[in-house]
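*Asks:* So I've got this file, query.cif, and it contains mmCIF, C-alpha atoms and all ligand atoms:
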data_coords
loop_
_atom_site.label_atom_id
_atom_site.label_comp_id
_atom_site.auth_asym_id
_atom_site.auth_seq_id
_atom_site.Cartn_x
_atom_site.Cartn_y
_atom_site.Cartn_z
CA MET D 94 -2.00 -2.46 23.43
CA ARG D 95 -0.03 -5.51 22.26
CA VAL D 96 0.88 -5.52 18.57
CA ALA D 97 1.98 -8.35 16.24
CA LEU D 98 3.81 -7.44 13.03
CA LEU D 99 3.26 -9.86 10.14
CA GLY D 100 6.12 -8.79 7.87
CA PHE D 101 9.27 -6.94 8.78
CA GLY D 102 10.45 -5.43 5.49
CA GLY D 103 10.60 -1.78 4.50
CA VAL D 104 7.28 -0.80 6.10
CA GLY D 105 7.68 -3.02 9.19
CA ARG D 106 11.14 -1.64 9.93
CA ALA D 107 10.01 1.96 9.38
CA LEU D 108 7.10 1.30 11.78
CA ALA D 109 9.49 -0.14 14.37
CA ARG D 110 11.68 2.99 14.11
CA LEU D 111 8.59 5.18 14.49
CA LEU D 112 7.33 3.25 17.54
CA LEU D 113 10.77 3.63 19.11
CA ALA D 114 10.86 7.37 18.38
CA LYS D 115 7.34 7.87 19.82
CA ARG D 116 7.54 5.31 22.65
CA ASP D 117 6.70 7.93 25.30
CA ASP D 118 3.44 8.84 23.57
CA ALA D 119 2.34 5.73 21.66
CA PRO D 120 0.92 3.04 23.98
CA PHE D 121 2.08 -0.03 22.05
CA LEU D 122 4.06 -3.10 22.96
CA VAL D 123 5.28 -5.21 20.03
CA THR D 124 4.98 -8.82 21.14
CA ALA D 125 5.44 -10.69 17.84
CA ILE D 126 7.31 -10.23 14.56
CA LEU D 127 6.86 -12.83 11.83
CA THR D 128 8.64 -13.00 8.46
CA ARG D 129 8.60 -15.54 5.64
CA SER D 130 12.28 -16.47 5.48
CA HIS D 131 14.06 -14.35 8.10
CA GLY D 132 12.74 -16.08 11.20
CA TRP D 133 10.26 -14.94 13.84
CA TRP D 134 10.25 -13.55 17.37
CA VAL D 135 7.44 -13.83 19.93
CA ASP D 136 7.77 -12.42 23.45
CA ALA D 137 4.59 -11.69 25.40
CA SER D 138 6.48 -9.24 27.63
CA GLY D 139 7.58 -7.11 24.64
CA ILE D 140 10.28 -7.36 21.99
CA ASP D 141 13.34 -5.13 22.09
CA LEU D 142 12.65 -3.21 18.85
CA ALA D 143 16.13 -1.71 18.63
CA GLY D 144 17.49 -5.26 18.86
CA ALA D 145 15.10 -6.48 16.17
CA LEU D 146 16.13 -3.62 13.87
CA SER D 147 19.82 -4.38 14.35
CA ARG D 148 19.53 -7.94 13.05
CA SER D 149 18.68 -9.39 9.66
CA GLU D 150 17.62 -12.79 11.10
CA LEU D 151 15.07 -13.00 13.92
CA PRO D 152 15.95 -15.49 16.71
CA SER D 153 13.38 -18.28 16.14
CA ARG D 154 13.37 -20.53 13.07
CA GLY D 155 10.91 -23.12 11.83
CA ALA D 156 7.13 -22.90 11.92
CA SER D 157 5.85 -19.76 13.65
CA PRO D 158 2.82 -19.83 15.99
CA ALA D 159 -0.65 -19.60 14.41
CA ILE D 160 -1.99 -16.05 14.17
CA GLY D 161 -4.82 -16.83 16.59
CA ASP D 162 -2.25 -17.93 19.21
CA LEU D 163 -0.12 -14.76 19.07
CA PRO D 164 -0.18 -12.80 22.35
CA CYS D 165 -1.57 -9.62 20.82
CA ASP D 166 -4.62 -7.37 20.61
CA VAL D 167 -3.95 -6.10 17.10
CA VAL D 168 -2.33 -7.66 14.06
CA VAL D 169 -0.48 -5.40 11.61
CA GLU D 170 -0.52 -7.13 8.21
CA ILE D 171 2.41 -5.81 6.17
CA THR D 172 3.52 -8.82 4.16
CA THR D 173 4.33 -8.88 0.46
CA LEU D 174 1.52 -7.86 -1.89
CA ASP D 175 0.03 -10.38 -4.31
CA ALA D 176 -2.61 -8.32 -6.08
CA ARG D 177 -3.97 -11.31 -8.02
CA THR D 178 -4.75 -13.70 -5.15
CA ALA D 179 -4.34 -11.29 -2.20
CA GLN D 180 -2.59 -14.15 -0.38
CA PRO D 181 -1.09 -14.81 2.11
CA ALA D 182 -2.38 -11.50 3.46
CA LEU D 183 -6.08 -12.30 3.02
CA GLY D 184 -5.73 -15.50 5.04
CA HIS D 185 -3.83 -13.58 7.73
CA VAL D 186 -6.53 -10.92 8.03
CA ARG D 187 -9.32 -13.52 8.19
CA ALA D 188 -7.47 -15.53 10.85
CA ALA D 189 -6.78 -12.45 12.95
CA LEU D 190 -10.38 -11.19 12.88
CA ARG D 191 -11.77 -14.67 13.62
CA ALA D 192 -9.43 -14.77 16.64
CA ARG D 193 -10.99 -11.43 17.72
CA LYS D 194 -7.93 -9.33 17.07
CA HIS D 195 -8.08 -5.87 15.51
CA VAL D 196 -6.33 -5.60 12.15
CA VAL D 197 -4.33 -2.81 10.53
CA THR D 198 -3.00 -3.43 7.04
CA ALA D 199 -0.98 -1.59 4.40
CA ASN D 200 -1.57 -4.46 1.97
CA LYS D 201 -3.99 -3.55 -0.83
CA GLY D 202 -4.74 -7.17 -1.76
CA PRO D 203 -7.24 -8.12 0.96
CA ILE D 204 -9.10 -4.80 0.84
CA ALA D 205 -9.30 -4.69 -2.97
CA ARG D 206 -10.38 -8.34 -3.20
CA ALA D 207 -12.55 -8.92 -0.14
CA TYR D 208 -13.54 -5.67 1.58
CA ARG D 209 -17.20 -6.59 2.14
CA GLU D 210 -16.39 -10.00 3.56
CA LEU D 211 -13.70 -8.57 5.88
CA ARG D 212 -15.91 -5.68 6.99
CA GLY D 213 -18.57 -8.24 7.93
CA LEU D 214 -16.04 -10.44 9.71
CA ALA D 215 -14.73 -7.48 11.72
CA ALA D 216 -18.26 -6.44 12.70
CA ALA D 217 -19.28 -10.01 13.63
CA ASN D 218 -16.26 -10.26 15.92
CA GLY D 219 -16.56 -6.76 17.37
CA ARG D 220 -13.13 -5.72 16.11
CA LEU D 221 -11.81 -2.89 13.93
CA LEU D 222 -10.24 -3.25 10.48
CA ARG D 223 -8.16 -0.25 9.38
CA PHE D 224 -6.20 0.21 6.13
CA GLU D 225 -5.28 3.88 5.63
CA ALA D 226 -1.87 3.02 4.09
CA THR D 227 -3.38 0.89 1.31
CA LEU D 228 -4.34 3.87 -0.79
CA SER D 229 -1.55 6.44 -1.00
CA ASP D 230 0.82 6.17 1.94
CA CYS D 231 -0.44 8.63 4.59
CA LEU D 232 -2.75 10.66 2.33
CA PRO D 233 -5.69 10.95 4.75
CA VAL D 234 -8.69 9.43 3.00
CA PHE D 235 -10.57 6.91 5.11
CA THR D 236 -9.81 8.76 8.34
CA LEU D 237 -10.86 11.99 6.66
CA ARG D 238 -14.16 10.43 5.66
CA ARG D 239 -14.83 9.15 9.21
CA ALA D 240 -13.65 12.28 11.04
CA ALA D 241 -14.55 15.17 8.77
CA LEU D 242 -17.29 14.04 6.36
CA PRO D 243 -19.92 12.20 8.44
CA LEU D 244 -23.26 11.69 6.67
CA ALA D 245 -21.94 13.20 3.45
CA GLU D 246 -22.58 11.16 0.32
CA ILE D 247 -19.49 10.84 -1.86
CA ARG D 248 -20.83 11.15 -5.39
CA ALA D 249 -17.55 10.97 -7.31
CA LEU D 250 -13.81 10.62 -6.74
CA ARG D 251 -10.85 11.68 -8.86
CA GLY D 252 -7.23 11.44 -7.98
CA ILE D 253 -3.58 10.65 -8.51
CA VAL D 254 -2.81 7.51 -6.51
CA SER D 255 0.44 6.25 -8.06
CA SER D 256 3.81 7.90 -7.37
CA THR D 257 5.59 6.00 -10.12
CA THR D 258 3.30 6.95 -12.99
CA ASN D 259 2.89 10.56 -11.79
CA HIS D 260 6.68 10.85 -11.63
CA ILE D 261 7.03 9.50 -15.19
CA LEU D 262 4.50 11.95 -16.64
CA SER D 263 5.89 14.87 -14.57
CA ALA D 264 9.41 14.11 -15.78
CA ALA D 265 8.16 13.85 -19.39
CA ALA D 266 6.73 17.37 -19.04
CA ARG D 267 10.32 18.50 -18.36
CA GLY D 268 11.61 16.62 -21.40
CA VAL D 269 12.96 13.53 -19.56
CA SER D 270 12.49 10.29 -21.53
CA PHE D 271 10.04 7.59 -20.42
CA SER D 272 12.84 5.05 -19.88
CA ASP D 273 15.04 7.47 -17.87
CA ALA D 274 12.11 8.45 -15.60
CA LEU D 275 11.17 4.79 -15.07
CA ALA D 276 14.80 3.89 -14.32
CA GLU D 277 14.95 6.64 -11.68
CA ALA D 278 11.77 5.30 -10.01
CA GLN D 279 13.32 1.82 -9.96
CA ARG D 280 16.67 3.10 -8.64
CA LEU D 281 14.86 4.82 -5.74
CA GLY D 282 12.91 1.62 -5.00
CA ILE D 283 9.56 3.29 -5.71
CA ALA D 284 8.71 1.31 -8.87
CA GLU D 285 8.80 -2.46 -8.71
CA ALA D 286 11.62 -4.30 -10.51
CA ASP D 287 8.77 -5.46 -12.80
CA PRO D 288 6.93 -2.13 -13.19
CA SER D 289 4.02 -3.46 -15.28
CA ASN D 290 1.79 -3.45 -12.21
CA ASP D 291 2.02 0.38 -12.14
CA LEU D 292 2.37 1.06 -15.87
CA GLU D 293 -0.54 -1.12 -17.00
CA GLY D 294 -2.77 0.34 -14.30
CA HIS D 295 -3.28 -2.78 -12.15
CA ASP D 296 -2.11 -0.94 -9.02
CA ALA D 297 -4.37 2.03 -9.75
CA ALA D 298 -7.28 -0.37 -10.51
CA ALA D 299 -6.83 -2.01 -7.09
CA LYS D 300 -6.89 1.42 -5.46
CA ALA D 301 -9.93 2.53 -7.48
CA THR D 302 -11.70 -0.65 -6.34
CA ILE D 303 -10.89 0.13 -2.70
CA LEU D 304 -12.11 3.71 -3.09
CA ALA D 305 -15.35 2.69 -4.81
CA ASN D 306 -16.21 -0.10 -2.39
CA VAL D 307 -15.20 1.66 0.83
CA LEU D 308 -16.21 5.26 0.16
CA MET D 309 -19.11 4.82 -2.27
CA ASP D 310 -20.49 1.52 -0.96
CA ALA D 311 -20.07 -0.10 -4.39
CA ASP D 312 -19.28 -3.76 -4.99
CA ILE D 313 -16.92 -3.71 -7.95
CA ARG D 314 -13.93 -5.93 -8.73
CA MET D 315 -10.47 -4.83 -9.90
CA GLU D 316 -11.28 -6.33 -13.30
CA ASP D 317 -14.25 -3.94 -13.64
CA VAL D 318 -11.96 -0.89 -13.69
CA ARG D 319 -11.25 0.38 -17.22
CA ARG D 320 -7.48 0.72 -17.63
CA ALA D 321 -5.39 2.73 -20.10
CA PRO D 322 -1.61 2.34 -19.69
CA ILE D 323 0.97 4.95 -18.80
CA ASP D 324 3.34 4.23 -21.68
CA GLU D 325 5.70 5.98 -24.10
CA ALA D 326 2.72 7.47 -25.97
CA ALA D 327 1.33 8.96 -22.75
CA ALA D 328 4.78 10.37 -21.95
CA ARG D 329 4.98 11.95 -25.45
CA ASP D 330 1.54 13.51 -24.87
CA ALA D 331 2.81 14.87 -21.54
CA THR D 332 5.80 16.51 -23.26
CA LEU D 333 3.56 18.08 -25.93
CA ALA D 334 0.92 19.20 -23.39
CA ALA D 335 3.61 20.99 -21.35
CA ARG D 336 4.39 23.18 -24.38
CA ASP D 337 0.77 24.46 -24.18
CA GLY D 338 0.95 24.95 -20.42
CA ALA D 339 -1.15 21.82 -19.73
CA ARG D 340 -0.23 18.66 -17.77
CA VAL D 341 -0.94 14.98 -18.41
CA ARG D 342 -1.50 13.13 -15.14
CA PRO D 343 -2.38 9.50 -14.26
CA ILE D 344 -5.95 9.87 -13.03
CA VAL D 345 -8.34 7.44 -11.40
CA GLU D 346 -11.99 8.43 -11.69
CA ILE D 347 -14.95 6.85 -9.96
CA ARG D 348 -18.49 8.04 -10.47
CA ARG D 349 -22.04 6.93 -9.91
CA ALA D 350 -24.42 7.20 -12.85
CA ALA D 351 -27.94 5.77 -13.00
CA GLY D 352 -27.28 3.96 -9.71
CA ALA D 353 -24.17 2.09 -10.94
CA VAL D 354 -20.58 2.91 -9.96
CA SER D 355 -17.97 2.91 -12.71
CA ALA D 356 -14.21 3.37 -12.39
CA SER D 357 -11.36 4.06 -14.78
CA THR D 358 -7.65 4.81 -14.70
CA GLY D 359 -5.32 6.28 -17.30
CA PRO D 360 -3.61 9.45 -18.56
CA ARG D 361 -5.72 12.64 -18.66
CA ARG D 362 -4.84 16.13 -19.89
CA LEU D 363 -5.47 18.81 -17.21
CA ASP D 364 -5.48 22.59 -17.48
CA PRO D 365 -3.89 24.88 -14.85
CA LEU D 366 -7.18 25.50 -13.01
CA ASP D 367 -7.61 21.80 -12.22
CA PRO D 368 -6.78 21.09 -8.54
CA LEU D 369 -4.68 18.08 -9.62
CA TYR D 370 -2.58 20.10 -12.11
CA ALA D 371 0.11 21.07 -9.58
CA VAL D 372 0.36 17.60 -7.95
CA ASP D 373 3.78 16.90 -9.41
CA GLY D 374 6.44 14.19 -9.24
CA TRP D 375 6.00 11.61 -6.48
CA SER D 376 3.07 13.48 -4.91
CA MET D 377 -0.50 12.13 -4.82
CA ALA D 378 -3.94 13.65 -4.27
CA LEU D 379 -7.63 12.88 -4.17
CA GLU D 380 -10.69 15.02 -4.91
CA LEU D 381 -13.90 13.97 -3.17
CA ASP D 382 -17.14 15.33 -4.65
CA THR D 383 -19.72 15.26 -1.86
CA ASP D 384 -23.31 16.39 -1.42
CA LEU D 385 -22.78 18.17 1.92
CA ALA D 386 -19.19 19.48 1.86
CA GLY D 387 -18.88 20.20 -1.87
CA LYS D 388 -15.53 19.29 -3.37
CA VAL D 389 -12.73 18.47 -0.92
CA VAL D 390 -9.15 17.92 -2.12
CA VAL D 391 -6.34 16.32 -0.11
CA GLN D 392 -2.73 16.15 -1.25
CA LEU D 393 0.38 14.38 0.02
CA HIS D 394 3.68 15.90 -1.03
CA ASP D 395 6.59 13.62 -1.93
CA PRO D 396 5.99 10.68 0.47
CA HIS D 397 8.53 8.01 1.52
CA VAL D 398 8.25 4.74 3.44
CA GLU D 399 8.22 6.69 6.74
CA GLN D 400 4.85 8.12 5.69
CA VAL D 401 3.49 4.61 5.06
CA ALA D 402 4.55 3.66 8.59
CA TYR D 403 2.92 6.81 9.94
CA ALA D 404 -0.40 5.87 8.26
CA VAL D 405 -0.19 2.48 10.02
CA LEU D 406 0.52 4.28 13.30
CA THR D 407 -2.50 6.57 12.87
CA ASP D 408 -4.68 3.47 12.43
CA LEU D 409 -3.16 1.90 15.55
CA LEU D 410 -3.78 5.09 17.52
CA GLU D 411 -7.42 5.16 16.42
CA ILE D 412 -7.87 1.56 17.57
CA ALA D 413 -6.23 2.45 20.88
CA GLY D 414 -8.75 5.27 21.29
CA TYR D 415 -6.42 8.24 20.74
N1 LIG M 1 6.86 0.21 0.66
C1 LIG M 1 5.90 1.11 0.44
O1 LIG M 1 6.17 2.28 0.14
C2 LIG M 1 4.45 0.71 0.60
C3 LIG M 1 3.45 1.69 0.48
C4 LIG M 1 2.10 1.35 0.71
C5 LIG M 1 1.79 0.01 0.97
N2 LIG M 1 2.77 -0.93 1.01
C6 LIG M 1 2.41 -2.33 1.28
O2 LIG M 1 2.92 -2.72 2.55
C7 LIG M 1 3.26 -4.11 2.53
C8 LIG M 1 4.71 -4.26 2.96
O3 LIG M 1 5.55 -3.56 2.08
P1 LIG M 1 7.13 -3.60 2.26
O4 LIG M 1 7.66 -2.56 1.34
O5 LIG M 1 7.48 -3.56 3.70
O6 LIG M 1 7.44 -5.05 1.67
P2 LIG M 1 8.81 -5.87 1.83
O7 LIG M 1 9.93 -4.93 2.14
O8 LIG M 1 8.91 -6.74 0.64
O9 LIG M 1 8.57 -6.77 3.13
C9 LIG M 1 7.60 -7.79 3.17
C10 LIG M 1 7.74 -8.53 4.47
O10 LIG M 1 6.70 -9.51 4.52
C11 LIG M 1 7.29 -10.76 4.94
N3 LIG M 1 6.44 -11.86 4.49
C12 LIG M 1 6.12 -12.24 3.24
N4 LIG M 1 5.30 -13.32 3.28
C13 LIG M 1 5.10 -13.62 4.58
C14 LIG M 1 4.37 -14.61 5.28
N5 LIG M 1 3.67 -15.54 4.61
N6 LIG M 1 4.39 -14.62 6.64
C15 LIG M 1 5.10 -13.71 7.33
N7 LIG M 1 5.83 -12.72 6.72
C16 LIG M 1 5.82 -12.70 5.37
C17 LIG M 1 8.66 -10.75 4.30
O11 LIG M 1 9.49 -11.71 4.88
P3 LIG M 1 10.85 -12.20 4.12
O12 LIG M 1 11.72 -10.97 4.02
O13 LIG M 1 11.43 -13.22 5.00
O14 LIG M 1 10.40 -12.69 2.78
C18 LIG M 1 9.07 -9.30 4.62
O15 LIG M 1 9.49 -9.22 5.96
C19 LIG M 1 3.00 -4.60 1.10
O16 LIG M 1 1.75 -5.22 1.03
C20 LIG M 1 3.00 -3.32 0.28
O17 LIG M 1 2.20 -3.43 -0.89
C21 LIG M 1 4.08 -0.60 0.87
#
Starting from the file, lay out its structure as C-alpha cells.
Ligand SMILES: NC(=O)c1ccc[n+]([C@@H]2O[C@H](COP(=O)([O-])OP(=O)(O)OC[C@H]3O[C@@H](n4cnc5c(N)ncnc54)[C@H](OP(=O)(O)O)[C@@H]3O)[C@@H](O)[C@H]2O)c1
*Replies:*
Amino acid sequence: MRVALLGFGGVGRALARLLLAKRDDAPFLVTAILTRSHGWWVDASGIDLAGALSRSELPSRGASPAIGDLPCDVVVEITTLDARTAQPALGHVRAALRARKHVVTANKGPIARAYRELRGLAAANGRLLRFEATLSDCLPVFTLRRAALPLAEIRALRGIVSSTTNHILSAAARGVSFSDALAEAQRLGIAEADPSNDLEGHDAAAKATILANVLMDADIRMEDVRRAPIDEAAARDATLAARDGARVRPIVEIRRAAGAVSASTGPRRLDPLDPLYAVDGWSMALELDTDLAGKVVVQLHDPHVEQVAYAVLTDLLEIAGY
C-alpha cells in the first residue's frame, strides 16, 4: 500500500522510524512526503525513509503536486493543528477523499469541525477515514468501539484526555506549584508554547466533540461544550483534595439526556473508588457506559510521540486489511 505523508514533524518522523523498524511486517511504501517550508519528496517507487530522516530539507522545492495527483493509496494527514479553522488539514482530507484515497489523520481539526461531512465523503467515494490518534495518542477508542463493542449503544462517556492538564493537577496533589508543573510540560514539549489551548479547555472541547459525534452519533460543535479552566484555583483545590485522600482531575463528560447530547470539560474531585482516580501524571483514560457491555474503561500510561505514531500505524494496518 502506497502512503503519502502530509507533514513531517514530530509525528511524521516518529511514524517513519516505526515504518523502518517494522518494514518486514508492515506492507507500506512511502511514496510522498510534503511539508510547508522544508521542501517535498515524491517518488512513486518508494522514498528512502532513513535518508528522509537524516535530512532537515527534503530535495524538491517550490509548489508540491496536488494531493489528488500523488502516487498513493492512502494519505496520512499530520500537518499543524489549527483548531479554529481546521485548515489546511480539512482541505487536505477533502481533496484526498475526493481523489478516492483512504485517509488517516492525527489532526483533531477536521474531525472536530467536519466529521459528518467527511464521513459522508468517505462513504460516497468508497474509502476509509481513520483518526485514532486524534483523541489521546494510542488510547484505543474508535478501534475498540468497532472491534469489541459492536451494536452496543454508548450512553455516556467520561475521561481524562489531556496529558498537560492531568500532569498539572497530579503535580499539584504532590505540592508542586501550577507554574512549575506547567513549565515542566512546556520543557518536555507536551504543552504548547502558548498553553491556553489546553488550560482553557479548547483542546478537551475538541476531543469531547469528536467523542460525542463519532461514538454517540451526536451533531455538536466545539462551542457547545461547557468549559471550566484548569487554572491556579483548580491546582489549589487539587492540593487540598490530596490532603483528604481525594484527587482533582481534568474530566470530559458527555451524556445523553432527553434525547440531547451535552458535553462539558473541567476539574472534578474524584474519590479513590473512581476508575479515573489513579490515572496520574501524563496518563489518559476513558470510561464508556454502554447498554450491552456495561462500563468499560481504557487507560494509556505515560504516552510519548512514538505512541501517536503507533496509533497512525494501527489505522494504516486496518486499512490494509491486517
Ligand atoms: N505531537 C503529538 O504528541 C501529537 C499527538 C496527537 C496528535 N497530534 C497531531 O498530529 C499533527 C502533527 O503533529 P506534530 O507534532 O508532528 O506537528 P509538527 O511537529 O509541528 O509538524 C507539523 C508538520 O506539518 C507540516 N505542515 C504544516 N502545514 C503544512 C501544509 N500546508 N502542507 C504540508 N505540510 C504542512 C510542517 O511543515 P514545516 O515544518 O515545513 O512547517 C511539519 O512538517 C498535529 O495536527 C497534531 O495536533 C500530535
*Asks:* May I ask you to write as a ChimeraX atom specification all residues lying at most 6 Å from ligand LIG 1 (chain M), with only C-alpha atoms and all ligand atoms counted?
*Replies:* /D:99-105,127-131,171-174,181,199-200,226-227,230,398,401
*Asks:* How many Å lie between CA of His260 (chain D) and CA of Glu170 (chain D), rounded to one decimal?
*Replies:*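 Straight-line distance from CA of His260 (chain D) to CA of Glu170 (chain D) works out to 27.7 Å.
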*Asks:* Find, counting all atoms listed in the file, the residue in D:Ser270, D:Ser376, D:Ser263, D:Thr383 that gets nearest to Arg340 (chain D).
*Replies:*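 Smallest distance to Arg340 (chain D) is found for D:Ser263.
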*Asks:* Got a sec: who's within 6 Å of Leu262 (chain D), counting only C-alpha atoms, leaving out chain neighbours fewer than 3 positions off, as a PyMOL selection string?
*Replies:* chain D and resi 259+265+328+331
*Asks:* Step by step, gather every atom of region 241-247 of chain D that the file lists, find the box along x, y and z that holds them, add 3 Å on each side, and finally give centre and edge lengths in Å to one decimal, as JSON.
*Replies:*
{"center_x": -18.9, "center_y": 13.0, "center_z": 3.5, "size_x": 14.7, "size_y": 10.3, "size_z": 16.6}
*Asks:* Would you compute the distance between CA of Asn306 (chain D) and CA of Ala107 (chain D)? Give it in Å to one decimal.
*Replies:*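 Interatomic distance here is 28.8 Å.
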*Asks:* Nearest to Val390 (chain D): which of D:Pro322, D:Arg342, D:Leu232, D:Leu363 is it, counting all atoms listed in the file?
*Replies:*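 Counting all atoms listed in the file, the residue closest to Val390 (chain D) is D:Leu232.
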*Asks:* Please identify all polymer residues within 12 Å of Ala274 (chain D), counting all atoms listed in the file, omitting same-chain residues fewer than 5 positions from it, and present them as a list in words.
*Replies:*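 Here the answer would be Ser256, Thr257, Thr258, Asn259, His260, Ile261, Leu262, Ser263, Ala264, Ala265, Ala266, Arg267, Gly268, Val269, Gln279, Arg280, Leu281, Ile283, Ala284, Asp324, Glu325, Ala328, Gly374 and Trp375 of chain D.
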*Asks:* Calculated over all atoms listed in the file, which of the candidates D:Glu225, D:Ile323, D:Val96, D:Asp296 has the smallest distance to Arg238 (chain D)?
*Replies:*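 Looking at the shortest contact to Arg238 (chain D), the residue is D:Glu225.
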*Asks:* Given the choices D:Leu366, D:Val234, D:Ala245, D:Ile126, which gets closest to Ile303 (chain D) if the distance is worked out from all atoms listed in the file?
*Replies:* D:Val234
*Asks:* What separation in Å, quoted to one decimal, exists between CA of Ala326 (chain D) and CA of Arg348 (chain D)?
*Replies:*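 A separation of 26.3 Å between them.
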*Asks:* Quick one: everything within 7 Å of Leu122 (chain D), counting only C-alpha atoms, minus sequence neighbours fewer than 3 positions away in the same chain. Send it as a list of chain:residue names.
*Replies:* D:Met94, D:Arg95, D:Val96, D:Gly139
*Asks:* Determine the nearest neighbour of Leu221 (chain D) from the options D:Ala179, D:Val169, D:Ala335, D:Ala156, counting only C-alpha atoms.
*Replies:*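 Among the listed residues, the smallest separation from Leu221 (chain D) belongs to D:Val169.
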*Asks:* Check the smallest atom-to-atom distance from each of D:Leu409, D:Val186, D:Ala301, D:Val135 to Leu379 (chain D) using only C-alpha atoms, then report the winner.
*Replies:* D:Ala301
*Asks:* Do a neighbour search on Ala311 (chain D) at 10 Å with all atoms listed in the file, toss out local chain neighbours closer than 2 positions, and write the hits as a list in words.
*Replies:*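 Skipping anything fewer than 2 positions along the chain leaves Arg209, Thr302, Ile303, Leu304, Ala305, Asn306, Val307, Leu308, Met309, Ile313, Arg314, Arg349, Gly352, Ala353, Val354 and Ser355 of chain D.
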*Asks:* Need to verify the contact set: Pro365 (chain D), 10 Å, only C-alpha atoms, exclusion of same-chain residues closer than 2 positions in sequence. Can you return it as a count of residues only?
*Replies:* 9
*Asks:* Within 12 Å of (12.0, 4.3, 17.7) (coordinates as in the file), grab all the protein and nucleic acid residues, counting all atoms listed in the file, and write them out as a compact mmCIF listing (two decimals) with C-alpha atoms, keeping the file's coordinate frame.
*Replies:*
# COMPACT_ATOMS: atom_id res chain seq x y z
CA ARG D 106 11.14 -1.64 9.93
CA ALA D 107 10.01 1.96 9.38
CA LEU D 108 7.10 1.30 11.78
CA ALA D 109 9.49 -0.14 14.37
CA ARG D 110 11.68 2.99 14.11
CA LEU D 111 8.59 5.18 14.49
CA LEU D 112 7.33 3.25 17.54
CA LEU D 113 10.77 3.63 19.11
CA ALA D 114 10.86 7.37 18.38
CA LYS D 115 7.34 7.87 19.82
CA ARG D 116 7.54 5.31 22.65
CA ASP D 117 6.70 7.93 25.30
CA ASP D 118 3.44 8.84 23.57
CA ALA D 119 2.34 5.73 21.66
CA PHE D 121 2.08 -0.03 22.05
CA VAL D 123 5.28 -5.21 20.03
CA ASP D 141 13.34 -5.13 22.09
CA LEU D 142 12.65 -3.21 18.85
CA ALA D 143 16.13 -1.71 18.63
CA GLY D 144 17.49 -5.26 18.86
CA ALA D 145 15.10 -6.48 16.17
CA LEU D 146 16.13 -3.62 13.87
CA GLU D 399 8.22 6.69 6.74
CA ALA D 402 4.55 3.66 8.59
